[in-house]
$ cat my_file-v2.tsv   # TSV, C-alpha atoms
chain	number	residue	atom	x	y	z
A	1	MET	CA	37.04	-50.59	-158.88
A	2	SER	CA	38.71	-53.99	-158.85
A	3	ALA	CA	40.80	-54.60	-161.98
A	4	LEU	CA	39.67	-58.23	-161.95
A	5	PHE	CA	36.05	-57.15	-162.32
A	6	GLU	CA	36.51	-54.64	-165.12
A	7	PRO	CA	34.81	-55.65	-168.42
A	8	LEU	CA	36.88	-56.52	-171.49
A	9	THR	CA	35.60	-56.33	-175.07
A	10	LEU	CA	36.95	-58.66	-177.77
A	11	ARG	CA	35.44	-57.72	-181.13
A	12	SER	CA	31.66	-57.84	-180.57
A	13	VAL	CA	31.84	-59.88	-177.35
A	14	THR	CA	32.08	-58.17	-173.97
A	15	LEU	CA	33.34	-60.18	-171.03
A	16	PRO	CA	31.80	-58.81	-167.81
A	17	ASN	CA	35.04	-59.49	-165.90
A	18	ARG	CA	38.48	-61.06	-166.32
A	19	ILE	CA	37.79	-64.49	-164.78
A	20	VAL	CA	37.76	-67.38	-167.26
A	21	LEU	CA	36.77	-71.00	-166.79
A	22	SER	CA	39.71	-72.82	-168.33
A	23	PRO	CA	38.89	-75.74	-170.67
A	24	MET	CA	38.86	-78.98	-168.68
A	25	CYS	CA	38.29	-82.36	-170.31
A	26	GLN	CA	35.47	-84.31	-168.69
A	27	TYR	CA	36.04	-87.59	-170.59
A	28	SER	CA	32.30	-88.22	-170.51
A	29	ALA	CA	31.10	-87.93	-174.12
A	30	HIS	CA	29.62	-90.75	-176.22
A	31	ASP	CA	31.03	-90.90	-179.76
A	32	GLY	CA	32.06	-87.29	-179.32
A	33	SER	CA	28.59	-86.08	-178.31
A	34	ALA	CA	27.84	-84.07	-175.19
A	35	ASN	CA	25.20	-85.37	-172.79
A	36	ASP	CA	23.52	-84.53	-169.49
A	37	TRP	CA	26.86	-84.44	-167.69
A	38	HIS	CA	28.11	-81.63	-169.93
A	39	LEU	CA	24.80	-79.79	-169.67
A	40	VAL	CA	24.86	-79.77	-165.86
A	41	HIS	CA	28.61	-79.20	-165.61
A	42	LEU	CA	28.70	-76.18	-167.92
A	43	ALA	CA	25.31	-74.67	-167.09
A	44	ARG	CA	26.25	-74.26	-163.43
A	45	TYR	CA	29.08	-71.97	-164.51
A	46	ALA	CA	26.59	-69.86	-166.49
A	47	ALA	CA	25.15	-68.73	-163.15
A	48	ALA	CA	28.53	-68.30	-161.43
A	49	GLY	CA	29.35	-64.75	-162.49
A	50	LEU	CA	32.35	-65.57	-164.69
A	51	GLY	CA	33.71	-63.41	-167.48
A	52	LEU	CA	34.00	-66.28	-169.99
A	53	VAL	CA	33.38	-70.01	-169.98
A	54	LEU	CA	35.58	-72.10	-172.28
A	55	ALA	CA	34.22	-75.61	-172.69
A	56	GLU	CA	36.63	-78.51	-172.69
A	57	ALA	CA	38.85	-79.48	-175.62
A	58	THR	CA	36.42	-80.18	-178.45
A	59	HIS	CA	37.99	-82.41	-181.05
A	60	VAL	CA	37.69	-81.92	-184.79
A	61	ALA	CA	37.68	-85.60	-185.87
A	62	PRO	CA	37.27	-89.04	-184.28
A	63	ARG	CA	41.02	-89.65	-184.67
A	64	ALA	CA	41.70	-86.25	-183.12
A	65	ARG	CA	40.37	-87.24	-179.68
A	66	ILE	CA	42.56	-87.84	-176.65
A	67	THR	CA	40.31	-90.66	-175.41
A	68	PRO	CA	37.24	-92.43	-176.84
A	69	HIS	CA	35.18	-90.39	-174.36
A	70	CYS	CA	36.35	-86.92	-175.38
A	71	LEU	CA	34.04	-84.24	-176.70
A	72	GLY	CA	33.89	-83.66	-180.46
A	73	LEU	CA	32.31	-81.38	-183.03
A	74	TYR	CA	32.80	-83.37	-186.22
A	75	ASP	CA	29.35	-84.67	-187.17
A	76	ASP	CA	25.69	-83.73	-187.03
A	77	ALA	CA	25.05	-85.71	-183.84
A	78	ASN	CA	27.89	-83.88	-182.06
A	79	GLU	CA	26.52	-80.56	-183.28
A	80	ALA	CA	22.97	-81.24	-182.09
A	81	ALA	CA	24.15	-82.46	-178.70
A	82	LEU	CA	26.37	-79.45	-178.08
A	83	ALA	CA	23.63	-77.09	-179.30
A	84	ARG	CA	21.46	-78.39	-176.45
A	85	VAL	CA	24.20	-77.53	-173.96
A	86	VAL	CA	24.69	-74.04	-175.39
A	87	GLN	CA	20.95	-73.37	-175.20
A	88	ALA	CA	20.81	-74.49	-171.56
A	89	PHE	CA	23.82	-72.30	-170.79
A	90	ARG	CA	22.06	-69.27	-172.28
A	91	THR	CA	18.84	-70.01	-170.40
A	92	VAL	CA	20.49	-70.47	-167.01
A	93	GLY	CA	22.94	-67.59	-167.35
A	94	GLY	CA	20.64	-65.08	-168.95
A	95	GLY	CA	23.28	-64.24	-171.53
A	96	THR	CA	25.63	-62.46	-169.11
A	97	THR	CA	28.59	-64.84	-169.58
A	98	PRO	CA	29.87	-65.60	-173.11
A	99	PHE	CA	30.25	-69.26	-174.09
A	100	GLY	CA	33.40	-70.46	-175.83
A	101	ILE	CA	34.90	-73.74	-176.93
A	102	GLN	CA	38.45	-74.95	-177.43
A	103	LEU	CA	38.98	-76.73	-180.76
A	104	ALA	CA	41.66	-79.40	-180.54
A	105	HIS	CA	43.49	-82.29	-182.18
A	106	ALA	CA	45.42	-84.67	-179.92
A	107	GLY	CA	47.88	-85.88	-182.56
A	108	ARG	CA	50.24	-88.53	-181.19
A	109	LYS	CA	48.73	-88.27	-177.67
A	110	GLY	CA	45.39	-89.70	-178.82
A	111	ALA	CA	43.82	-93.13	-178.32
A	112	SER	CA	44.46	-93.05	-174.57
A	113	GLU	CA	42.51	-94.35	-171.62
A	114	VAL	CA	40.66	-91.84	-169.46
A	115	PRO	CA	42.77	-90.57	-166.52
A	116	TRP	CA	40.89	-92.56	-163.87
A	117	ALA	CA	41.64	-95.73	-165.88
A	118	GLY	CA	45.35	-94.91	-165.92
A	119	GLY	CA	45.65	-92.62	-168.96
A	120	LYS	CA	47.91	-95.07	-170.82
A	121	PRO	CA	47.64	-95.86	-174.54
A	122	ILE	CA	44.72	-98.11	-175.47
A	123	THR	CA	45.88	-101.54	-176.61
A	124	ASP	CA	42.60	-103.19	-177.62
A	125	GLU	CA	40.16	-102.81	-180.54
A	126	ARG	CA	39.15	-99.30	-179.39
A	127	ALA	CA	42.52	-97.86	-180.43
A	128	TRP	CA	43.20	-95.96	-183.64
A	129	LEU	CA	46.34	-94.93	-185.52
A	130	ASN	CA	47.43	-91.51	-184.36
A	131	LEU	CA	48.73	-88.73	-186.59
A	132	ALA	CA	51.76	-86.55	-185.90
A	133	PRO	CA	54.28	-84.33	-187.67
A	134	SER	CA	56.88	-87.10	-187.36
A	135	ALA	CA	56.73	-90.84	-186.71
A	136	LEU	CA	57.95	-90.44	-183.13
A	137	ALA	CA	56.14	-91.97	-180.16
A	138	HIS	CA	55.13	-89.63	-177.33
A	139	GLU	CA	57.04	-91.77	-174.85
A	140	ASP	CA	58.42	-95.29	-174.42
A	141	GLY	CA	55.52	-97.72	-174.50
A	142	TRP	CA	53.39	-95.46	-176.68
A	143	PRO	CA	52.56	-96.52	-180.25
A	144	LEU	CA	54.31	-94.94	-183.23
A	145	PRO	CA	52.07	-92.38	-184.93
A	146	GLU	CA	51.78	-91.95	-188.67
A	147	ALA	CA	53.76	-88.98	-190.02
A	148	MET	CA	51.34	-86.65	-191.78
A	149	ASP	CA	51.79	-86.11	-195.50
A	150	GLU	CA	50.49	-83.08	-197.40
A	151	ALA	CA	47.05	-84.64	-197.82
A	152	ALA	CA	46.73	-85.40	-194.10
A	153	ILE	CA	47.83	-81.86	-193.20
A	154	ALA	CA	45.26	-80.36	-195.57
A	155	GLU	CA	42.58	-82.66	-194.17
A	156	ALA	CA	43.33	-81.62	-190.59
A	157	VAL	CA	43.17	-77.93	-191.52
A	158	ALA	CA	39.80	-78.54	-193.21
A	159	GLN	CA	38.51	-80.39	-190.14
A	160	PHE	CA	39.26	-77.38	-187.93
A	161	ALA	CA	37.42	-75.12	-190.37
A	162	GLU	CA	34.38	-77.42	-190.50
A	163	ALA	CA	34.19	-77.63	-186.71
A	164	THR	CA	34.33	-73.83	-186.65
A	165	ARG	CA	31.31	-73.57	-188.94
A	166	ARG	CA	29.43	-75.98	-186.68
A	167	ALA	CA	30.36	-73.90	-183.63
A	168	ASP	CA	28.98	-70.79	-185.29
A	169	ARG	CA	25.71	-72.50	-186.18
A	170	ILE	CA	25.01	-73.46	-182.58
A	171	GLY	CA	25.75	-69.98	-181.20
A	172	VAL	CA	29.24	-70.27	-179.72
A	173	ASP	CA	30.64	-66.80	-178.93
A	174	VAL	CA	34.39	-67.41	-178.71
A	175	ILE	CA	36.80	-70.01	-180.10
A	176	GLU	CA	40.16	-70.88	-178.59
A	177	LEU	CA	42.45	-73.19	-180.57
A	178	HIS	CA	44.58	-75.64	-178.61
A	179	GLY	CA	48.19	-75.10	-179.56
A	180	ALA	CA	49.78	-76.35	-176.33
A	181	HIS	CA	50.04	-79.30	-173.89
A	182	GLY	CA	51.76	-81.56	-176.41
A	183	TYR	CA	48.82	-81.87	-178.79
A	184	LEU	CA	49.02	-81.70	-182.59
A	185	MET	CA	49.65	-78.01	-183.20
A	186	HIS	CA	52.19	-77.97	-180.38
A	187	GLN	CA	53.77	-81.11	-181.85
A	188	PHE	CA	54.41	-79.23	-185.09
A	189	LEU	CA	55.79	-76.22	-183.21
A	190	SER	CA	58.19	-78.05	-180.91
A	191	PRO	CA	61.58	-79.37	-182.08
A	192	VAL	CA	61.13	-82.15	-179.53
A	193	SER	CA	58.37	-83.75	-181.63
A	194	ASN	CA	58.90	-82.24	-185.10
A	195	LYS	CA	61.84	-83.78	-186.97
A	196	ARG	CA	60.56	-83.07	-190.49
A	197	ASN	CA	62.90	-81.91	-193.25
A	198	ASP	CA	60.26	-80.33	-195.49
A	199	GLU	CA	58.57	-76.91	-195.32
A	200	TYR	CA	56.83	-77.92	-192.07
A	201	GLY	CA	60.03	-78.70	-190.17
A	202	GLY	CA	63.42	-77.28	-189.28
A	203	SER	CA	63.26	-73.55	-188.58
A	204	LEU	CA	60.69	-72.00	-186.27
A	205	ASP	CA	59.08	-70.30	-189.28
A	206	ASN	CA	58.58	-73.71	-190.88
A	207	ARG	CA	57.37	-75.33	-187.66
A	208	MET	CA	54.80	-72.55	-187.27
A	209	ARG	CA	53.43	-73.22	-190.76
A	210	PHE	CA	50.80	-75.84	-189.78
A	211	PRO	CA	49.34	-74.07	-186.71
A	212	LEU	CA	49.22	-70.79	-188.63
A	213	ALA	CA	47.43	-72.54	-191.50
A	214	VAL	CA	44.88	-73.84	-188.97
A	215	PHE	CA	44.48	-70.36	-187.51
A	216	ASP	CA	43.98	-68.81	-190.96
A	217	ALA	CA	41.39	-71.42	-191.95
A	218	VAL	CA	39.45	-71.00	-188.72
A	219	ARG	CA	39.57	-67.21	-188.92
A	220	ALA	CA	38.20	-67.40	-192.48
A	221	ALA	CA	35.38	-69.72	-191.40
A	222	TRP	CA	34.55	-67.79	-188.20
A	223	PRO	CA	32.41	-64.63	-188.47
A	224	ALA	CA	34.48	-61.45	-188.43
A	225	HIS	CA	32.66	-60.10	-185.37
A	226	LYS	CA	33.50	-63.12	-183.20
A	227	PRO	CA	36.80	-63.40	-181.26
A	228	LEU	CA	39.37	-66.09	-181.99
A	229	GLY	CA	42.30	-66.92	-179.71
A	230	ILE	CA	44.74	-69.74	-179.14
A	231	ARG	CA	46.40	-71.51	-176.22
A	232	ILE	CA	50.16	-71.50	-176.74
A	233	THR	CA	53.10	-72.81	-174.77
A	234	GLY	CA	55.47	-70.52	-172.89
A	235	SER	CA	57.99	-73.32	-172.36
A	236	ASP	CA	58.48	-77.01	-173.08
A	237	TRP	CA	60.51	-77.19	-169.85
A	238	MET	CA	63.14	-79.08	-171.86
A	239	GLY	CA	65.96	-76.54	-171.85
A	240	ASP	CA	67.56	-75.80	-175.20
A	241	ALA	CA	65.99	-78.93	-176.69
A	242	GLY	CA	62.48	-77.46	-176.58
A	243	LEU	CA	60.48	-74.27	-176.97
A	244	GLY	CA	61.04	-71.28	-174.73
A	245	VAL	CA	59.30	-67.98	-174.13
A	246	GLU	CA	61.17	-66.34	-177.02
A	247	ASP	CA	59.48	-68.82	-179.35
A	248	ALA	CA	56.10	-67.99	-177.83
A	249	ILE	CA	56.78	-64.32	-178.52
A	250	ALA	CA	57.68	-65.01	-182.15
A	251	PHE	CA	54.55	-67.13	-182.55
A	252	GLY	CA	52.52	-64.37	-180.90
A	253	HIS	CA	53.77	-61.78	-183.39
A	254	ALA	CA	52.77	-64.04	-186.30
A	255	LEU	CA	49.34	-64.63	-184.77
A	256	LYS	CA	48.77	-60.94	-184.17
A	257	GLU	CA	49.44	-60.20	-187.84
A	258	ARG	CA	46.65	-62.65	-188.70
A	259	GLY	CA	44.03	-61.06	-186.46
A	260	CYS	CA	44.40	-63.14	-183.28
A	261	ASP	CA	42.30	-61.67	-180.47
A	262	PHE	CA	43.99	-63.29	-177.46
A	263	VAL	CA	46.59	-65.85	-176.44
A	264	ASP	CA	46.22	-68.19	-173.48
A	265	VAL	CA	49.77	-68.92	-172.31
A	266	SER	CA	50.34	-72.31	-170.70
A	267	SER	CA	53.34	-74.66	-170.78
A	268	GLY	CA	54.57	-78.26	-170.77
A	269	GLY	CA	53.06	-81.49	-172.03
A	270	ILE	CA	55.35	-82.29	-174.94
A	271	SER	CA	57.37	-84.93	-173.05
A	272	LEU	CA	57.42	-86.78	-169.76
A	273	HIS	CA	61.09	-85.78	-169.53
A	274	GLN	CA	60.13	-82.16	-168.91
A	275	LYS	CA	61.51	-80.52	-165.75
A	276	ILE	CA	58.75	-78.23	-164.48
A	277	THR	CA	59.16	-75.91	-161.52
A	278	THR	CA	55.66	-75.31	-160.19
A	279	GLY	CA	54.23	-72.94	-157.63
A	280	PRO	CA	51.47	-70.35	-157.34
A	281	GLY	CA	51.19	-68.49	-160.65
A	282	TYR	CA	54.24	-70.29	-162.06
A	283	GLN	CA	53.22	-69.66	-165.68
A	284	VAL	CA	52.30	-65.98	-165.24
A	285	PRO	CA	55.81	-64.74	-166.26
A	286	PHE	CA	55.31	-66.40	-169.66
A	287	ALA	CA	52.04	-64.55	-170.18
A	288	ALA	CA	53.62	-61.28	-169.01
A	289	ALA	CA	56.53	-61.63	-171.44
A	290	VAL	CA	54.27	-62.39	-174.40
A	291	ARG	CA	51.93	-59.51	-173.51
A	292	LYS	CA	54.79	-57.02	-173.16
A	293	ALA	CA	56.49	-58.04	-176.41
A	294	THR	CA	53.44	-58.41	-178.66
A	295	GLY	CA	50.69	-56.25	-177.18
A	296	LEU	CA	48.26	-59.15	-177.55
A	297	VAL	CA	45.42	-59.60	-175.09
A	298	THR	CA	46.88	-62.31	-172.88
A	299	MET	CA	45.43	-64.91	-170.53
A	300	ALA	CA	47.43	-66.33	-167.62
A	301	VAL	CA	46.74	-69.81	-166.24
A	302	GLY	CA	48.19	-72.22	-163.72
A	303	MET	CA	47.83	-72.38	-159.93
A	304	ILE	CA	45.88	-69.14	-159.70
A	305	THR	CA	43.64	-69.74	-156.70
A	306	GLU	CA	43.32	-66.62	-154.54
A	307	ALA	CA	41.37	-63.44	-155.24
A	308	LYS	CA	44.19	-61.05	-154.37
A	309	GLN	CA	46.60	-63.11	-156.46
A	310	ALA	CA	44.31	-62.87	-159.49
A	311	GLU	CA	43.73	-59.16	-158.86
A	312	ALA	CA	47.46	-58.47	-158.78
A	313	ILE	CA	48.03	-60.30	-162.08
A	314	ILE	CA	45.54	-58.02	-163.82
A	315	ALA	CA	46.33	-54.80	-161.95
A	316	GLU	CA	50.08	-55.12	-162.48
A	317	GLY	CA	49.67	-55.77	-166.21
A	318	SER	CA	51.01	-59.31	-166.27
A	319	ALA	CA	47.91	-60.47	-168.15
A	320	ASP	CA	44.49	-59.25	-169.22
A	321	LEU	CA	42.60	-62.38	-168.15
A	322	VAL	CA	43.09	-65.16	-165.60
A	323	ALA	CA	41.98	-68.69	-166.42
A	324	MET	CA	41.14	-71.07	-163.60
A	325	ALA	CA	40.62	-74.82	-163.77
A	326	ARG	CA	40.93	-76.83	-160.56
A	327	GLY	CA	40.04	-73.80	-158.44
A	328	LEU	CA	36.69	-73.48	-160.17
A	329	LEU	CA	36.06	-77.23	-160.01
A	330	ASN	CA	36.57	-77.00	-156.27
A	331	ASP	CA	34.51	-73.82	-155.89
A	332	PRO	CA	32.24	-73.05	-158.88
A	333	PHE	CA	31.15	-69.76	-157.28
A	334	TRP	CA	34.70	-68.55	-156.68
A	335	ALA	CA	33.89	-65.31	-158.52
A	336	TRP	CA	31.25	-64.46	-155.89
A	337	ARG	CA	33.79	-64.79	-153.07
A	338	ALA	CA	36.38	-62.81	-155.05
A	339	ALA	CA	33.88	-60.01	-155.69
A	340	ASP	CA	33.10	-59.80	-151.98
A	341	GLU	CA	36.79	-59.74	-151.07
A	342	LEU	CA	37.82	-57.20	-153.72
A	343	GLY	CA	34.74	-55.00	-153.78
A	344	GLY	CA	33.82	-56.02	-157.30
A	345	LYS	CA	30.42	-56.49	-158.85
A	346	VAL	CA	29.32	-59.84	-160.20
A	347	ALA	CA	26.12	-61.02	-161.84
A	348	ALA	CA	23.87	-63.61	-160.21
A	349	PRO	CA	20.53	-64.97	-161.40
A	350	ASN	CA	17.43	-63.85	-159.54
A	351	GLN	CA	16.95	-67.32	-158.10
A	352	TYR	CA	20.35	-67.06	-156.33
A	353	LEU	CA	20.16	-63.47	-155.07
A	354	ARG	CA	19.35	-64.60	-151.54
A	355	GLY	CA	22.78	-66.21	-151.47
A	356	ARG	CA	24.38	-62.86	-152.27
A	357	GLN	CA	22.94	-61.09	-149.22
A	358	ARG	CA	25.47	-59.65	-146.82
A	359	GLY	CA	25.70	-61.58	-143.61
A	360	VAL	CA	25.10	-64.95	-145.26
A	361	ASP	CA	28.01	-67.26	-144.59
A	362	THR	CA	29.76	-68.77	-147.60
A	363	PRO	CA	30.72	-72.47	-147.43
A	364	ARG	CA	34.33	-71.43	-146.88
A	365	GLU	CA	33.36	-69.26	-143.90
A	366	LEU	CA	31.21	-72.00	-142.41
A	367	LEU	CA	34.14	-74.42	-142.60
A	368	ALA	CA	36.42	-71.86	-140.96
A	369	LYS	CA	33.98	-71.48	-138.06
A	370	LYS	CA	33.86	-75.25	-137.54
A	371	ALA	CA	37.64	-75.36	-137.49
$ encode --input "my_file-v2.tsv" --output "structure tokens"
Amino acid sequence: MSALFEPLTLRSVTLPNRIVLSPMCQYSAHDGSANDWHLVHLARYAAAGLGLVLAEATHVAPRARITPHCLGLYDDANEAALARVVQAFRTVGGGTTPFGIQLAHAGRKGASEVPWAGGKPITDERAWLNLAPSALAHEDGWPLPEAMDEAAIAEAVAQFAEATRRADRIGVDVIELHGAHGYLMHQFLSPVSNKRNDEYGGSLDNRMRFPLAVFDAVRAAWPAHKPLGIRITGSDWMGDAGLGVEDAIAFGHALKERGCDFVDVSSGGISLHQKITTGPGYQVPFAAAVRKATGLVTMAVGMITEAKQAEAIIAEGSADLVAMARGLLNDPFWAWRAADELGGKVAAPNQYLRGRQRGVDTPRELLAKKA
């Protein structure tokens, strides 16, 4: 049996295998609400034989969005629109793949243009005042955010909890919080962006206070039988000035004490001055270190593209799950090819069973023949 295709149970939710669609912003929402793009985009992965689908970063307030076109779950219109997507996902997938969302707050990296329009800060009437732990701009040329006071911190925690209740009402199975990539929870955690001198700044214990408060509020609002995890950073790639894997381990221990079901270990995003060394599976050692030290169910992500590579990550105990982003954009049915290569079993809807017959060339094989 392929390790990659072994089921994994988190509370009451069983993942049929260890392949996860990583959250990927589509920058296609209207006032935070999902539309036909999201329905088609996510529903195709319901039929792709994945272990878990995590929808893109879903923001907890209008000011929490990265761009004006980011997905949200902060009002009734957002809730109704996303409910339609979840229902389509269930219908197409037949309930074999759990559906999750990633709740997020952009903090000082908000009010930006979409990537294909340059991704720079918005300078016209569409912009809003960003929030952050400290009044420090993300980079030169970015606007100064407003340092959050106690009231703003409490409001943000409450917004995460309210979005959680909305997610439960529409039938979401799994929630992942976004505590990485330079967004608000990461901004509180990192000494690069957090220069506070109150109980939310200074020591790592203090800098963990806000993200742990968010986790506690979401866990309290989320049904006990549903899994809750968080994406964390394994490194700021800023040397001694930023977070390292030892900080991720300390954060992981604190999360485990609070009932965290999994951590998704990524890295970077806190500053453009980061010095990242990339390569296939370059973030897997962070996941492996956190898993070994804490015993948490751990997800590895980052340049995982090949079936045997993913299999080795699981079989060798570096992580319990592998999350894929660009690889699954390029090949939504990657899990089918991996199952064929590794001898695993993967679900497919009846309408697609003809495509699973032996002897039928996959698109990759057809291209290889033409070459």
$ residues_around --input "my_file-v2.tsv" --residues "A:Val263" --least-positions-apart "5" --cutoff "12 Å" --atoms "all atoms listed in the file" --output "JSON, numbers by chain"
{"A": [175, 176, 177, 178, 179, 180, 227, 228, 229, 230, 231, 232, 233, 234, 248, 249, 251, 252, 253, 254, 255, 256, 286, 287, 288, 289, 290, 291, 294, 295, 296, 297, 298, 299, 300, 301, 319, 320, 321, 322, 323]}
$ atom_distance --input "my_file-v2.tsv" --atom1 "atom CA of A:Gly141" --atom2 "atom CA of A:Lys109"
12.1 Å
$ closest_residue --input "my_file-v2.tsv" --among "A:Asp264, A:Glu257, A:Asp31, A:Asp140" --to "A:Met324" --atoms "only C-alpha atoms"
A:Asp264
$ closest_residue --input "my_file-v2.tsv" --among "A:Val157, A:Ile314, A:Ala88, A:Val60" --to "A:Ala43" --atoms "only C-alpha atoms"
A:Ala88
$ closest_residue --input "my_file-v2.tsv" --among "A:Ala224, A:Ala213, A:Leu329, A:Ala55" --to "A:Pro23" --atoms "only C-alpha atoms"
A:Ala55
$ residues_around --input "my_file-v2.tsv" --residues "A:Ala315" --least-positions-apart "6" --cutoff "9 Å" --atoms "all atoms listed in the file" --output "list in words"
Ser2, Ala3 and Leu4 of chain A
$ atom_distance --input "my_file-v2.tsv" --atom1 "atom CA of A:Ile276" --atom2 "atom CA of A:Pro191"
17.9 Å
$ residues_around --input "my_file-v2.tsv" --residues "A:Phe89" --least-positions-apart "6" --cutoff "12 Å" --atoms "all atoms listed in the file" --output "compact mmCIF listing (two decimals) with C-alpha atoms, in the coordinates of the input"
# COMPACT_ATOMS: atom_id res chain seq x y z
CA HIS A 38 28.11 -81.63 -169.93
CA LEU A 39 24.80 -79.79 -169.67
CA VAL A 40 24.86 -79.77 -165.86
CA HIS A 41 28.61 -79.20 -165.61
CA LEU A 42 28.70 -76.18 -167.92
CA ALA A 43 25.31 -74.67 -167.09
CA ARG A 44 26.25 -74.26 -163.43
CA TYR A 45 29.08 -71.97 -164.51
CA ALA A 46 26.59 -69.86 -166.49
CA ALA A 47 25.15 -68.73 -163.15
CA ALA A 48 28.53 -68.30 -161.43
CA LEU A 52 34.00 -66.28 -169.99
CA VAL A 53 33.38 -70.01 -169.98
CA LEU A 54 35.58 -72.10 -172.28
CA ALA A 55 34.22 -75.61 -172.69
CA LEU A 82 26.37 -79.45 -178.08
CA ALA A 83 23.63 -77.09 -179.30
CA GLY A 95 23.28 -64.24 -171.53
CA THR A 96 25.63 -62.46 -169.11
CA THR A 97 28.59 -64.84 -169.58
CA PRO A 98 29.87 -65.60 -173.11
CA PHE A 99 30.25 -69.26 -174.09
CA GLY A 100 33.40 -70.46 -175.83
CA ILE A 170 25.01 -73.46 -182.58
CA GLY A 171 25.75 -69.98 -181.20
CA VAL A 172 29.24 -70.27 -179.72
CA ASP A 173 30.64 -66.80 -178.93
$ atom_distance --input "my_file-v2.tsv" --atom1 "atom CA of A:Pro349" --atom2 "atom CA of A:Met1"
22.0 Å
$ axis_aligned_box --input "my_file-v2.tsv" --around "stretch 191-208 of chain A" --padding-each-side "8 Å" --output "AutoDock Vina command-line options"
--center_x 59.1 --center_y -77.0 --center_z -187.5 --size_x 24.6 --size_y 29.5 --size_z 32.0
$ residues_around --input "my_file-v2.tsv" --residues "A:Asp216" --least-positions-apart "5" --cutoff "9 Å" --atoms "only C-alpha atoms" --output "NGL selection string"
:A and (211 or 221 or 258-259)
$ closest_residue --input "my_file-v2.tsv" --among "A:Glu162, A:Asp236, A:Glu199, A:Glu316" --to "A:His186" --atoms "all atoms listed in the file"
A:Asp236
$ closest_residue --input "my_file-v2.tsv" --among "A:Ala312, A:Leu50, A:Leu136, A:Leu73" --to "A:Arg165" --atoms "all atoms listed in the file"
A:Leu73
$ closest_residue --input "my_file-v2.tsv" --among "A:Gly107, A:Gly269, A:Gly317, A:Gly344" --to "A:Ala64" --atoms "all atoms listed in the file"
A:Gly107
$ residues_around --input "my_file-v2.tsv" --residues "A:Leu144" --least-positions-apart "4" --cutoff "10 Å" --atoms "only C-alpha atoms" --output "mmCIF file with C-alpha atoms, in the coordinates of the input"
data_model
loop_
_atom_site.group_PDB
_atom_site.id
_atom_site.type_symbol
_atom_site.label_atom_id
_atom_site.label_comp_id
_atom_site.auth_asym_id
_atom_site.auth_seq_id
_atom_site.Cartn_x
_atom_site.Cartn_y
_atom_site.Cartn_z
ATOM 1 C CA ARG A 108 50.240 -88.530 -181.190
ATOM 2 C CA LEU A 129 46.340 -94.930 -185.520
ATOM 3 C CA ASN A 130 47.430 -91.510 -184.360
ATOM 4 C CA LEU A 131 48.730 -88.730 -186.590
ATOM 5 C CA ALA A 132 51.760 -86.550 -185.900
ATOM 6 C CA SER A 134 56.880 -87.100 -187.360
ATOM 7 C CA ALA A 135 56.730 -90.840 -186.710
ATOM 8 C CA LEU A 136 57.950 -90.440 -183.130
ATOM 9 C CA ALA A 137 56.140 -91.970 -180.160
ATOM 10 C CA HIS A 138 55.130 -89.630 -177.330
ATOM 11 C CA GLU A 139 57.040 -91.770 -174.850
ATOM 12 C CA ASP A 140 58.420 -95.290 -174.420
#
